[in-house]
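Engineer: Here you go, structure-v6.pdb (PDB, C-alpha atoms):
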ATOM      1  CA  MET A  21      89.276  37.199 -18.545
ATOM      2  CA  GLN A  22      87.293  34.052 -18.180
ATOM      3  CA  VAL A  23      83.693  34.569 -17.196
ATOM      4  CA  PRO A  24      83.104  32.840 -13.851
ATOM      5  CA  GLU A  25      80.613  30.048 -14.077
ATOM      6  CA  ASP A  26      77.365  30.575 -12.261
ATOM      7  CA  TYR A  27      74.376  28.323 -11.603
ATOM      8  CA  PHE A  28      72.525  29.664 -14.625
ATOM      9  CA  SER A  29      75.254  28.803 -17.094
ATOM     10  CA  LEU A  30      75.661  25.451 -15.371
ATOM     11  CA  PHE A  31      72.153  24.597 -16.559
ATOM     12  CA  SER A  32      72.512  26.463 -19.879
ATOM     13  CA  LEU A  33      70.004  29.088 -18.806
ATOM     14  CA  GLU A  34      70.050  32.836 -19.267
ATOM     15  CA  ARG A  35      70.935  34.760 -16.150
ATOM     16  CA  ARG A  36      67.543  36.247 -15.341
ATOM     17  CA  PHE A  37      64.669  35.879 -12.881
ATOM     18  CA  ALA A  38      62.172  34.358 -15.322
ATOM     19  CA  ILE A  39      63.421  30.888 -16.190
ATOM     20  CA  ASP A  40      62.133  27.879 -18.068
ATOM     21  CA  LYS A  41      61.423  25.505 -15.211
ATOM     22  CA  ASN A  42      61.108  22.499 -17.502
ATOM     23  CA  ALA A  43      64.498  23.198 -19.054
ATOM     24  CA  LEU A  44      65.989  23.620 -15.587
ATOM     25  CA  ALA A  45      64.612  20.261 -14.416
ATOM     26  CA  ALA A  46      65.622  18.468 -17.618
ATOM     27  CA  ASN A  47      69.151  19.887 -17.634
ATOM     28  CA  PHE A  48      69.528  19.094 -13.953
ATOM     29  CA  ARG A  49      68.557  15.451 -14.471
ATOM     30  CA  ALA A  50      70.880  15.105 -17.450
ATOM     31  CA  LEU A  51      73.859  16.548 -15.570
ATOM     32  CA  GLN A  52      73.061  14.571 -12.463
ATOM     33  CA  ASN A  53      73.009  11.395 -14.520
ATOM     34  CA  GLU A  54      76.272  12.273 -16.225
ATOM     35  CA  ASN A  55      78.021  12.990 -12.932
ATOM     36  CA  HIS A  56      76.556  10.250 -10.822
ATOM     37  CA  PRO A  57      79.191   8.943  -8.360
ATOM     38  CA  ASP A  58      78.186   5.347  -9.200
ATOM     39  CA  ARG A  59      79.476   5.809 -12.751
ATOM     40  CA  VAL A  60      83.034   6.163 -11.507
ATOM     41  CA  ALA A  61      85.258   3.110 -11.165
ATOM     42  CA  ALA A  62      84.867   1.671  -7.682
ATOM     43  CA  ASP A  63      88.611   1.805  -6.915
ATOM     44  CA  ASP A  64      89.195   5.380  -8.110
ATOM     45  CA  GLU A  65      88.831   7.250  -4.800
ATOM     46  CA  GLN A  66      89.907  10.572  -6.294
ATOM     47  CA  ALA A  67      87.349  10.466  -9.084
ATOM     48  CA  LYS A  68      84.694   9.312  -6.645
ATOM     49  CA  LEU A  69      85.306  12.274  -4.357
ATOM     50  CA  LEU A  70      85.170  14.632  -7.297
ATOM     51  CA  ALA A  71      81.903  13.138  -8.472
ATOM     52  CA  VAL A  72      80.385  13.472  -5.008
ATOM     53  CA  GLN A  73      81.448  17.111  -4.830
ATOM     54  CA  LYS A  74      80.053  17.867  -8.246
ATOM     55  CA  SER A  75      76.802  16.138  -7.446
ATOM     56  CA  SER A  76      76.429  18.206  -4.302
ATOM     57  CA  LEU A  77      77.120  21.384  -6.277
ATOM     58  CA  LEU A  78      74.440  20.362  -8.761
ATOM     59  CA  ASN A  79      71.918  19.821  -5.988
ATOM     60  CA  ASP A  80      72.678  23.211  -4.447
ATOM     61  CA  ALA A  81      72.461  24.915  -7.818
ATOM     62  CA  TYR A  82      69.168  23.231  -8.665
ATOM     63  CA  ALA A  83      67.596  24.047  -5.292
ATOM     64  CA  THR A  84      68.706  27.678  -5.619
ATOM     65  CA  LEU A  85      67.294  28.203  -9.092
ATOM     66  CA  LYS A  86      64.109  26.206  -8.510
ATOM     67  CA  SER A  87      62.921  28.411  -5.643
ATOM     68  CA  PRO A  88      61.870  31.883  -6.853
ATOM     69  CA  LEU A  89      62.984  33.462  -3.581
ATOM     70  CA  ALA A  90      66.393  31.765  -3.547
ATOM     71  CA  ARG A  91      66.805  32.592  -7.258
ATOM     72  CA  ALA A  92      66.101  36.276  -6.559
ATOM     73  CA  GLY A  93      68.630  36.293  -3.719
ATOM     74  CA  TYR A  94      71.181  34.518  -5.892
ATOM     75  CA  LEU A  95      70.762  37.058  -8.709
ATOM     76  CA  LEU A  96      71.536  39.811  -6.210
ATOM     77  CA  THR A  97      74.513  37.889  -4.814
ATOM     78  CA  LEU A  98      75.899  37.590  -8.347
ATOM     79  CA  GLN A  99      75.736  41.395  -8.552
ATOM     80  CA  GLY A 100      77.756  41.654  -5.360
ATOM     81  CA  VAL A 101      74.811  42.516  -3.108
ATOM     82  CA  ASP A 102      74.956  41.203   0.449
ATOM     83  CA  VAL A 103      71.472  39.766   0.970
ATOM     84  CA  GLU A 104      72.260  38.269   4.388
ATOM     85  CA  GLY A 105      73.165  41.587   5.945
ATOM     86  CA  VAL A 106      69.978  43.480   6.723
ATOM     87  CA  SER A 107      69.786  46.784   8.506
ATOM     88  CA  GLN A 108      66.493  48.355   9.569
ATOM     89  CA  ASP A 109      67.163  51.058   6.971
ATOM     90  CA  ASP A 110      66.595  48.401   4.319
ATOM     91  CA  LEU A 111      62.994  47.974   5.447
ATOM     92  CA  ASP A 112      60.174  50.406   4.794
ATOM     93  CA  MET A 113      57.712  51.195   7.567
ATOM     94  CA  ALA A 114      54.860  50.365   5.173
ATOM     95  CA  VAL A 115      56.275  46.878   4.647
ATOM     96  CA  LEU A 116      56.519  46.230   8.384
ATOM     97  CA  MET A 117      52.953  47.498   8.840
ATOM     98  CA  GLU A 118      51.813  45.180   6.047
ATOM     99  CA  GLN A 119      53.439  42.226   7.826
ATOM    100  CA  MET A 120      51.910  43.202  11.158
ATOM    101  CA  GLU A 121      48.448  43.450   9.610
ATOM    102  CA  LEU A 122      48.695  40.167   7.708
ATOM    103  CA  ARG A 123      49.942  38.381  10.812
ATOM    104  CA  GLU A 124      47.158  39.887  12.912
ATOM    105  CA  LYS A 125      44.633  38.521  10.407
ATOM    106  CA  VAL A 126      46.208  35.058  10.639
ATOM    107  CA  ALA A 127      46.201  35.199  14.437
ATOM    108  CA  GLU A 128      42.513  36.160  14.461
ATOM    109  CA  ALA A 129      41.445  33.099  12.464
ATOM    110  CA  PRO A 130      39.093  30.954  14.557
ATOM    111  CA  ALA A 131      40.545  27.802  16.064
ATOM    112  CA  GLY A 132      40.378  24.412  14.408
ATOM    113  CA  GLU A 133      39.150  23.634  10.907
ATOM    114  CA  ALA A 134      36.833  26.667  10.964
ATOM    115  CA  GLY A 135      39.905  28.871  10.582
ATOM    116  CA  LEU A 136      40.811  27.325   7.219
ATOM    117  CA  ALA A 137      38.167  29.415   5.452
ATOM    118  CA  VAL A 138      39.881  32.535   6.807
ATOM    119  CA  LEU A 139      43.403  31.413   5.951
ATOM    120  CA  LEU A 140      42.697  30.537   2.317
ATOM    121  CA  PRO A 141      41.930  34.114   1.150
ATOM    122  CA  ILE A 142      44.932  35.379   3.125
ATOM    123  CA  LYS A 143      47.151  32.927   1.252
ATOM    124  CA  ARG A 144      45.712  34.070  -2.090
ATOM    125  CA  ASP A 145      46.300  37.663  -1.058
ATOM    126  CA  ILE A 146      49.930  36.878  -0.192
ATOM    127  CA  GLN A 147      50.419  35.110  -3.513
ATOM    128  CA  SER A 148      49.222  38.138  -5.432
ATOM    129  CA  ARG A 149      51.460  40.384  -3.341
ATOM    130  CA  ILE A 150      54.384  38.076  -4.136
ATOM    131  CA  ALA A 151      53.606  38.222  -7.869
ATOM    132  CA  ALA A 152      53.489  42.031  -7.806
ATOM    133  CA  ARG A 153      56.753  42.192  -5.850
ATOM    134  CA  GLU A 154      58.454  39.794  -8.255
ATOM    135  CA  GLN A 155      57.581  42.107 -11.155
ATOM    136  CA  ARG A 156      59.056  45.045  -9.292
ATOM    137  CA  PHE A 157      62.132  43.005  -8.449
ATOM    138  CA  VAL A 158      62.715  42.206 -12.120
ATOM    139  CA  ALA A 159      62.195  45.850 -13.119
ATOM    140  CA  ASN A 160      64.659  47.032 -10.452
ATOM    141  CA  LEU A 161      67.214  44.418 -11.408
ATOM    142  CA  GLU A 162      66.960  45.141 -15.113
ATOM    143  CA  GLY A 163      67.151  48.863 -14.390
ATOM    144  CA  ASP A 164      70.325  48.200 -12.398
ATOM    145  CA  ASP A 165      68.712  49.679  -9.286
ATOM    146  CA  LEU A 166      70.262  47.169  -6.917
ATOM    147  CA  SER A 167      69.367  48.876  -3.658
ATOM    148  CA  SER A 168      65.676  48.883  -4.596
ATOM    149  CA  ALA A 169      65.971  45.261  -5.746
ATOM    150  CA  LYS A 170      67.446  44.343  -2.372
ATOM    151  CA  ARG A 171      64.558  46.051  -0.568
ATOM    152  CA  VAL A 172      62.025  44.153  -2.658
ATOM    153  CA  PHE A 173      63.919  40.926  -2.021
ATOM    154  CA  HIS A 174      63.521  41.438   1.733
ATOM    155  CA  GLU A 175      59.813  42.075   1.217
ATOM    156  CA  LEU A 176      59.601  38.809  -0.676
ATOM    157  CA  GLN A 177      61.405  37.050   2.191
ATOM    158  CA  PHE A 178      58.747  38.263   4.632
ATOM    159  CA  LEU A 179      55.896  37.208   2.369
ATOM    160  CA  HIS A 180      57.298  33.759   1.609
ATOM    161  CA  LYS A 181      58.011  33.116   5.267
ATOM    162  CA  LEU A 182      54.475  34.069   6.228
ATOM    163  CA  PHE A 183      53.065  31.889   3.464
ATOM    164  CA  GLN A 184      55.038  28.885   4.749
ATOM    165  CA  GLU A 185      53.897  29.532   8.302
ATOM    166  CA  ILE A 186      50.256  29.618   7.187
ATOM    167  CA  GLU A 187      50.714  26.271   5.442
ATOM    168  CA  VAL A 188      52.108  24.750   8.653
ATOM    169  CA  ASN A 189      49.217  26.366  10.540
ATOM    170  CA  GLU A 190      46.726  24.738   8.117
ATOM    171  CA  GLU A 191      48.349  21.341   8.464
ATOM    172  CA  LYS A 192      48.100  21.524  12.237
ATOM    173  CA  ARG A 193      44.424  22.348  12.010
ATOM    174  CA  LEU A 194      43.898  19.348   9.779
ATOM    175  CA  GLY A 195      45.828  17.171  12.207
ATOM    176  CA  TYR A 196      48.670  16.258   9.826
TER     177      TYR A 196
ATOM    178  CA  MET B1104      68.118  23.925  21.326
ATOM    179  CA  ALA B1105      66.270  24.383  24.593
ATOM    180  CA  TYR B1106      64.891  27.742  25.621
ATOM    181  CA  SER B1107      65.901  29.054  29.043
ATOM    182  CA  ASP B1108      63.266  29.257  31.806
ATOM    183  CA  LYS B1109      63.258  33.041  31.508
ATOM    184  CA  VAL B1110      62.532  32.920  27.779
ATOM    185  CA  ILE B1111      59.723  30.428  28.356
ATOM    186  CA  ASP B1112      58.284  32.587  31.129
ATOM    187  CA  HIS B1113      58.165  35.682  28.904
ATOM    188  CA  TYR B1114      56.857  33.658  25.981
ATOM    189  CA  GLU B1115      54.042  32.122  28.008
ATOM    190  CA  ASN B1116      53.251  35.248  30.018
ATOM    191  CA  PRO B1117      54.342  38.153  27.836
ATOM    192  CA  ARG B1118      54.312  41.455  29.697
ATOM    193  CA  ASN B1119      52.830  44.652  28.303
ATOM    194  CA  VAL B1120      51.402  43.300  25.078
ATOM    195  CA  GLY B1121      49.321  45.917  23.354
ATOM    196  CA  LYS B1122      49.093  49.057  21.333
ATOM    197  CA  MET B1123      49.192  52.726  22.179
ATOM    198  CA  ASP B1124      47.794  55.655  20.239
ATOM    199  CA  ASP B1125      50.500  56.598  17.770
ATOM    200  CA  THR B1126      48.961  60.027  17.175
ATOM    201  CA  ASP B1127      49.759  60.960  20.805
ATOM    202  CA  LEU B1128      52.817  63.221  20.682
ATOM    203  CA  ASN B1129      54.164  61.559  23.843
ATOM    204  CA  VAL B1130      54.064  58.094  22.284
ATOM    205  CA  GLY B1131      57.036  56.826  20.336
ATOM    206  CA  THR B1132      56.711  53.831  18.037
ATOM    207  CA  GLY B1133      59.519  51.584  16.836
ATOM    208  CA  MET B1134      58.750  49.076  14.098
ATOM    209  CA  VAL B1135      61.479  46.647  13.109
ATOM    210  CA  GLY B1136      61.752  43.321  11.381
ATOM    211  CA  ALA B1137      63.981  40.433  10.368
ATOM    212  CA  PRO B1138      63.023  39.336   6.856
ATOM    213  CA  ALA B1139      64.815  35.976   6.862
ATOM    214  CA  CYS B1140      62.999  34.858  10.051
ATOM    215  CA  GLY B1141      59.804  36.727   9.212
ATOM    216  CA  ASP B1142      59.871  38.436  12.603
ATOM    217  CA  VAL B1143      58.106  41.758  13.060
ATOM    218  CA  MET B1144      58.245  43.756  16.258
ATOM    219  CA  ARG B1145      56.393  46.883  17.320
ATOM    220  CA  LEU B1146      57.577  48.570  20.496
ATOM    221  CA  GLN B1147      55.930  51.683  21.895
ATOM    222  CA  ILE B1148      56.800  53.964  24.774
ATOM    223  CA  LYS B1149      54.869  56.741  26.465
ATOM    224  CA  VAL B1150      56.952  59.533  27.897
ATOM    225  CA  ASN B1151      55.793  61.942  30.617
ATOM    226  CA  ALA B1152      56.591  65.648  31.003
ATOM    227  CA  ASP B1153      59.827  64.848  32.864
ATOM    228  CA  GLY B1154      61.113  62.760  29.984
ATOM    229  CA  VAL B1155      60.566  59.509  31.872
ATOM    230  CA  ILE B1156      59.057  56.473  30.189
ATOM    231  CA  GLU B1157      55.865  55.810  32.111
ATOM    232  CA  ASP B1158      54.462  53.023  29.962
ATOM    233  CA  ALA B1159      55.637  50.609  27.298
ATOM    234  CA  LYS B1160      53.789  48.168  25.050
ATOM    235  CA  PHE B1161      54.858  45.709  22.409
ATOM    236  CA  LYS B1162      53.542  43.311  19.827
ATOM    237  CA  THR B1163      55.912  40.802  18.293
ATOM    238  CA  TYR B1164      55.296  38.096  15.741
ATOM    239  CA  GLY B1165      58.279  35.807  15.801
ATOM    240  CA  CYS B1166      60.091  33.110  17.703
ATOM    241  CA  GLY B1167      60.145  32.726  21.481
ATOM    242  CA  SER B1168      63.424  34.621  21.811
ATOM    243  CA  ALA B1169      62.130  37.611  19.856
ATOM    244  CA  ILE B1170      58.962  37.730  21.954
ATOM    245  CA  ALA B1171      60.907  37.345  25.209
ATOM    246  CA  SER B1172      63.457  40.019  24.204
ATOM    247  CA  SER B1173      60.755  42.596  23.511
ATOM    248  CA  SER B1174      58.685  41.621  26.552
ATOM    249  CA  LEU B1175      61.693  41.971  28.857
ATOM    250  CA  LEU B1176      62.634  45.285  27.284
ATOM    251  CA  THR B1177      59.197  46.804  27.975
ATOM    252  CA  GLU B1178      59.646  45.868  31.653
ATOM    253  CA  TRP B1179      63.114  47.366  31.763
ATOM    254  CA  VAL B1180      62.371  50.725  30.152
ATOM    255  CA  LYS B1181      59.464  51.654  32.400
ATOM    256  CA  GLY B1182      60.532  54.342  34.863
ATOM    257  CA  ARG B1183      63.720  55.105  32.958
ATOM    258  CA  SER B1184      64.620  58.336  31.218
ATOM    259  CA  LEU B1185      65.084  58.269  27.443
ATOM    260  CA  ASP B1186      68.860  58.471  27.888
ATOM    261  CA  GLU B1187      68.852  55.571  30.319
ATOM    262  CA  ALA B1188      66.704  53.538  27.946
ATOM    263  CA  THR B1189      69.054  54.349  25.064
ATOM    264  CA  ALA B1190      71.909  52.880  27.068
ATOM    265  CA  ILE B1191      70.326  49.399  27.173
ATOM    266  CA  LYS B1192      72.378  47.059  25.037
ATOM    267  CA  ASN B1193      71.272  43.952  23.239
ATOM    268  CA  SER B1194      73.956  42.056  25.163
ATOM    269  CA  ASP B1195      72.167  42.964  28.425
ATOM    270  CA  ILE B1196      68.974  41.390  27.092
ATOM    271  CA  ALA B1197      70.787  38.328  25.719
ATOM    272  CA  GLU B1198      72.558  37.804  29.025
ATOM    273  CA  GLU B1199      69.421  38.194  31.141
ATOM    274  CA  LEU B1200      67.511  35.715  28.977
ATOM    275  CA  GLY B1201      70.446  33.360  28.459
ATOM    276  CA  LEU B1202      70.083  33.482  24.673
ATOM    277  CA  PRO B1203      72.316  31.121  22.712
ATOM    278  CA  PRO B1204      74.532  32.629  19.950
ATOM    279  CA  VAL B1205      72.060  31.709  17.179
ATOM    280  CA  LYS B1206      69.386  33.793  18.909
ATOM    281  CA  ILE B1207      71.441  36.897  19.645
ATOM    282  CA  HIS B1208      69.931  38.603  16.590
ATOM    283  CA  CYS B1209      66.544  38.560  18.384
ATOM    284  CA  SER B1210      67.955  40.770  21.132
ATOM    285  CA  VAL B1211      69.531  43.026  18.487
ATOM    286  CA  LEU B1212      66.060  43.425  16.988
ATOM    287  CA  ALA B1213      64.690  44.496  20.374
ATOM    288  CA  GLU B1214      67.485  47.044  20.781
ATOM    289  CA  ASP B1215      66.764  48.388  17.279
ATOM    290  CA  ALA B1216      63.079  48.666  18.231
ATOM    291  CA  ILE B1217      63.617  50.693  21.399
ATOM    292  CA  LYS B1218      66.120  52.948  19.626
ATOM    293  CA  ALA B1219      63.574  53.582  16.864
ATOM    294  CA  ALA B1220      60.815  54.272  19.411
ATOM    295  CA  ILE B1221      63.027  56.746  21.276
ATOM    296  CA  ALA B1222      64.014  58.503  18.041
ATOM    297  CA  ASP B1223      60.349  58.687  17.062
ATOM    298  CA  VAL B1224      59.167  60.282  20.303
ATOM    299  CA  LYS B1225      62.111  62.679  20.356
ATOM    300  CA  ALA B1226      61.284  63.807  16.817
ATOM    301  CA  LYS B1227      57.620  64.251  17.738
ATOM    302  CA  ARG B1228      58.292  66.189  20.936
ATOM    303  CA  GLY B1229      61.162  68.203  19.546
ATOM    304  CA  ALA B1230      59.084  69.404  16.657
TER     305      ALA B1230
END
Represent the structure of the file as structure tokens.
Structural biologist:
Amino acid sequence: MQVPEDYFSLFSLERRFAIDKNALAANFRALQNENHPDRVAADDEQAKLLAVQKSSLLNDAYATLKSPLARAGYLLTLQGVDVEGVSQDDLDMAVLMEQMELREKVAEAPAGEAGLAVLLPIKRDIQSRIAAREQRFVANLEGDDLSSAKRVFHELQFLHKLFQEIEVNEEKRLGY
Amino acid sequence: MAYSDKVIDHYENPRNVGKMDDTDLNVGTGMVGAPACGDVMRLQIKVNADGVIEDAKFKTYGCGSAIASSSLLTEWVKGRSLDEATAIKNSDIAEELGLPPVKIHCSVLAEDAIKAAIADVKAKRGA
């Protein structure tokens, strides 16, 4: 049986969470160059369409592997795990409490630029929580414990989402 | 996508925001979340000796629809028995608030929260 091609093999990378980001970027640029729709003869509509499709696939693949969260979700998807379907049983009470507490801290930050000094340590805290979760994710995935890996993935989703929201919050305070 | 007037009303004037003492055996707590949206919802009910919900509180971090769904639900469950509260469906909430299809999951979250709160208080009282 032919092994189905995945985004990792597309960029000649090993199928794992830890990737060489420089190799990913370099291989992406090389493939993008090779498949650029402008390189196809102007009158060959069929080849043009194909090139456009391939270029869009490359962009999707690159975006998926570049983002640690999307990469984690993709690794689970490749194992047949449905990461879109979430039931409350997939979430631990402790994780929901953690989110509540972190969000309360963010909400309590004083208004305006004064709040930035409060948000910065919260962001650092979230980053360290993300790093710890990523290690657990890798351990679960390598140990073939997919249900635990899925739980950790959902925890990562919460943390990344909160991190993004804090960045938007900071930008607003700075008037961007 | 525009929010309905009812969603905006609940978002701007959320009812029953707060926290109850979770160690109280008559208080049931439901904590639920939606990881992709980052929403977290805590819904609490206080049940009297007759099994009627006499008070309800919530705290939701999330979009306007999630806040409105939980706010509306706390209004609805007050004065109802646990069985009556269990019968509330997410579609009732979605219809009342006029939620568009992409926001139906917010009302599902609220239904999950009240179900969890009811299960919690039943477990505490039944013990």
Engineer: Could you tell me which residues the PyMOL selection byres ((chain A and resi 115) around 12) grabs in this file, written as JSON, numbers by chain?
Structural biologist: {"A": [108, 109, 110, 111, 112, 113, 114, 116, 117, 118, 119, 120, 121, 122, 149, 153, 171, 172, 173, 174, 175, 176, 177, 178, 179], "B": [1134, 1135, 1136, 1137, 1138, 1141, 1143]}
Engineer: Could you list the residues chosen by the PyMOL selection byres ((chain B and resi 1185) around 8) in this structure as a list in words?
Structural biologist: Gly1154, Val1155, Ile1156, Arg1183, Ser1184, Asp1186, Glu1187, Ala1188, Thr1189 and Ile1221 of chain B
Engineer: With only C-alpha atoms considered, list every residue of chain B at most 12 Å from chain A, as a PyMOL selection string.
Structural biologist: chain B and resi 1132-1145+1161-1166+1208+1211-1216+1218-1219
Engineer: Which residues are near Glu34 of chain A? Cut-off 12 Å, all atoms listed in the file, ignore same chain within fewer than 4 positions. Put them as a list in words.
Structural biologist: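 The contact residues come out as Asp26, Tyr27, Phe28, Ser29, Leu30, Ala38, Ile39, Asp40, Ala43, Leu44, Leu85 and Leu95 of chain A.
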Engineer: Could you list the residues chosen by the PyMOL selection byres ((chain B and resi 1210) around 9) in this structure as a ChimeraX atom specification?
Structural biologist: /B:1168-1169,1171-1173,1192-1197,1202,1206-1209,1211-1215
Engineer: Figure out the distance between atom CA of Gly1182 of chain B and atom CA of Arg1118 of chain B, please, to one decimal in Å.
Structural biologist: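 It comes out at 15.2 Å.
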Engineer: Considering only C-alpha atoms, state which residue in the set B:Ala1222, B:Gly1167, B:Arg1228, B:Val1180 is at the smallest distance from Lys1109 of chain B.
Structural biologist: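 Closest to Lys1109 of chain B of all the choices is B:Gly1167.
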Engineer: Kindly give the distance, in Å, that separates atom CA of Lys86 of chain A and atom CA of Lys170 of chain A, rounded to a single decimal.
Structural biologist: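 So the two atoms, atom CA of Lys86 of chain A and atom CA of Lys170 of chain A, lie 19.4 Å apart.
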Engineer: Mind working out the centre and edge lengths of an axis-aligned box for segment 157-164 of chain A, all listed atoms inside, 4 Å added to each side, rounded to one decimal in Å and written as lines of an AutoDock Vina configuration file?
Structural biologist:
center_x = 66.2
center_y = 45.5
center_z = -11.8
size_x = 16.2
size_y = 14.7
size_z = 14.7
Engineer: Compile the contact shell of segment 131-135 of chain A as number ranges by chain: residues with an atom at most 9 Å away, counting only C-alpha atoms, same-chain residues fewer than 5 positions apart removed.
Structural biologist: A: 126, 140, 190, 192-194
Engineer: Kindly give the distance, in Å, that separates atom CA of Val1130 of chain B and atom CA of Ile1148 of chain B, rounded to a single decimal.
Structural biologist: 5.5 Å
Engineer: Hey, which of A:Arg59, A:Asn189, A:Gln52, A:Ser87 ends up closest to Pro130 of chain A? Count only C-alpha atoms.
Structural biologist: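 Selected residue with least distance to Pro130 of chain A: A:Asn189.
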Engineer: With distances taken over only C-alpha atoms, which of A:Asp63, A:Glu25, A:Arg91, A:Asn55 is nearest to Lys41 of chain A?
Structural biologist: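 Result for the nearest residue to Lys41 of chain A: A:Arg91.
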Engineer: Would you pick out the contacts of Ile142 of chain A at 10 Å or less, using all atoms listed in the file, so that residues sharing its chain but fewer than 5 positions from it are not included, and give the list as a list in words?
Structural biologist: Leu122, Arg123, Lys125, Val126, Leu136, Ala137, Gln147, Ser148, Phe183 and Ile186 of chain A
Engineer: Please determine the residues with any atom at most 6 Å from (56.5, 58.8, 19.6) (coordinates as given in the file, with all atoms listed in the file counting) and report them as a compact mmCIF listing (two decimals) with C-alpha atoms, keeping the file's coordinate frame.
Structural biologist:
# COMPACT_ATOMS: atom_id res chain seq x y z
CA LEU B 1128 52.82 63.22 20.68
CA ASN B 1129 54.16 61.56 23.84
CA VAL B 1130 54.06 58.09 22.28
CA GLY B 1131 57.04 56.83 20.34
CA THR B 1132 56.71 53.83 18.04
CA ASP B 1223 60.35 58.69 17.06
CA VAL B 1224 59.17 60.28 20.30
CA LYS B 1227 57.62 64.25 17.74
Engineer: Would you mind completing segment 136-141 of chain A so that it carries all heavy atoms, and writing it out as a PDB file, in the coordinates of the input?
Structural biologist:
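Saved as result.pdb:
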ATOM      1  N   LEU A 136      40.284  27.549   8.573  1.00  0.00           N
ATOM      2  CA  LEU A 136      40.811  27.325   7.219  1.00  0.00           C
ATOM      3  C   LEU A 136      40.169  28.267   6.203  1.00  0.00           C
ATOM      4  O   LEU A 136      40.835  28.745   5.286  1.00  0.00           O
ATOM      5  CB  LEU A 136      40.585  25.867   6.797  1.00  0.00           C
ATOM      6  CG  LEU A 136      41.365  24.825   7.605  1.00  0.00           C
ATOM      7  CD1 LEU A 136      40.925  23.420   7.241  1.00  0.00           C
ATOM      8  CD2 LEU A 136      42.874  24.987   7.363  1.00  0.00           C
ATOM      9  N   ALA A 137      38.877  28.538   6.386  1.00  0.00           N
ATOM     10  CA  ALA A 137      38.167  29.415   5.452  1.00  0.00           C
ATOM     11  C   ALA A 137      38.693  30.844   5.528  1.00  0.00           C
ATOM     12  O   ALA A 137      38.566  31.607   4.571  1.00  0.00           O
ATOM     13  CB  ALA A 137      36.666  29.399   5.759  1.00  0.00           C
ATOM     14  N   VAL A 138      39.295  31.197   6.658  1.00  0.00           N
ATOM     15  CA  VAL A 138      39.881  32.535   6.807  1.00  0.00           C
ATOM     16  C   VAL A 138      41.287  32.553   6.214  1.00  0.00           C
ATOM     17  O   VAL A 138      41.703  33.528   5.589  1.00  0.00           O
ATOM     18  CB  VAL A 138      39.921  32.943   8.305  1.00  0.00           C
ATOM     19  CG1 VAL A 138      40.645  34.263   8.500  1.00  0.00           C
ATOM     20  CG2 VAL A 138      38.514  32.996   8.880  1.00  0.00           C
ATOM     21  N   LEU A 139      42.004  31.454   6.405  1.00  0.00           N
ATOM     22  CA  LEU A 139      43.403  31.413   5.951  1.00  0.00           C
ATOM     23  C   LEU A 139      43.529  31.372   4.427  1.00  0.00           C
ATOM     24  O   LEU A 139      44.450  31.969   3.870  1.00  0.00           O
ATOM     25  CB  LEU A 139      44.120  30.207   6.562  1.00  0.00           C
ATOM     26  CG  LEU A 139      44.283  30.254   8.088  1.00  0.00           C
ATOM     27  CD1 LEU A 139      44.990  29.003   8.582  1.00  0.00           C
ATOM     28  CD2 LEU A 139      45.067  31.498   8.516  1.00  0.00           C
ATOM     29  N   LEU A 140      42.595  30.691   3.775  1.00  0.00           N
ATOM     30  CA  LEU A 140      42.697  30.537   2.317  1.00  0.00           C
ATOM     31  C   LEU A 140      42.767  31.887   1.586  1.00  0.00           C
ATOM     32  O   LEU A 140      43.682  32.092   0.783  1.00  0.00           O
ATOM     33  CB  LEU A 140      41.559  29.655   1.793  1.00  0.00           C
ATOM     34  CG  LEU A 140      41.688  29.264   0.321  1.00  0.00           C
ATOM     35  CD1 LEU A 140      42.946  28.429   0.084  1.00  0.00           C
ATOM     36  CD2 LEU A 140      40.446  28.492  -0.137  1.00  0.00           C
ATOM     37  N   PRO A 141      41.811  32.812   1.841  1.00  0.00           N
ATOM     38  CA  PRO A 141      41.930  34.114   1.150  1.00  0.00           C
ATOM     39  C   PRO A 141      43.195  34.881   1.538  1.00  0.00           C
ATOM     40  O   PRO A 141      43.721  35.632   0.698  1.00  0.00           O
ATOM     41  CB  PRO A 141      40.667  34.877   1.579  1.00  0.00           C
ATOM     42  CG  PRO A 141      40.083  34.124   2.708  1.00  0.00           C
ATOM     43  CD  PRO A 141      40.553  32.715   2.621  1.00  0.00           C
TER      44      PRO A 141
END
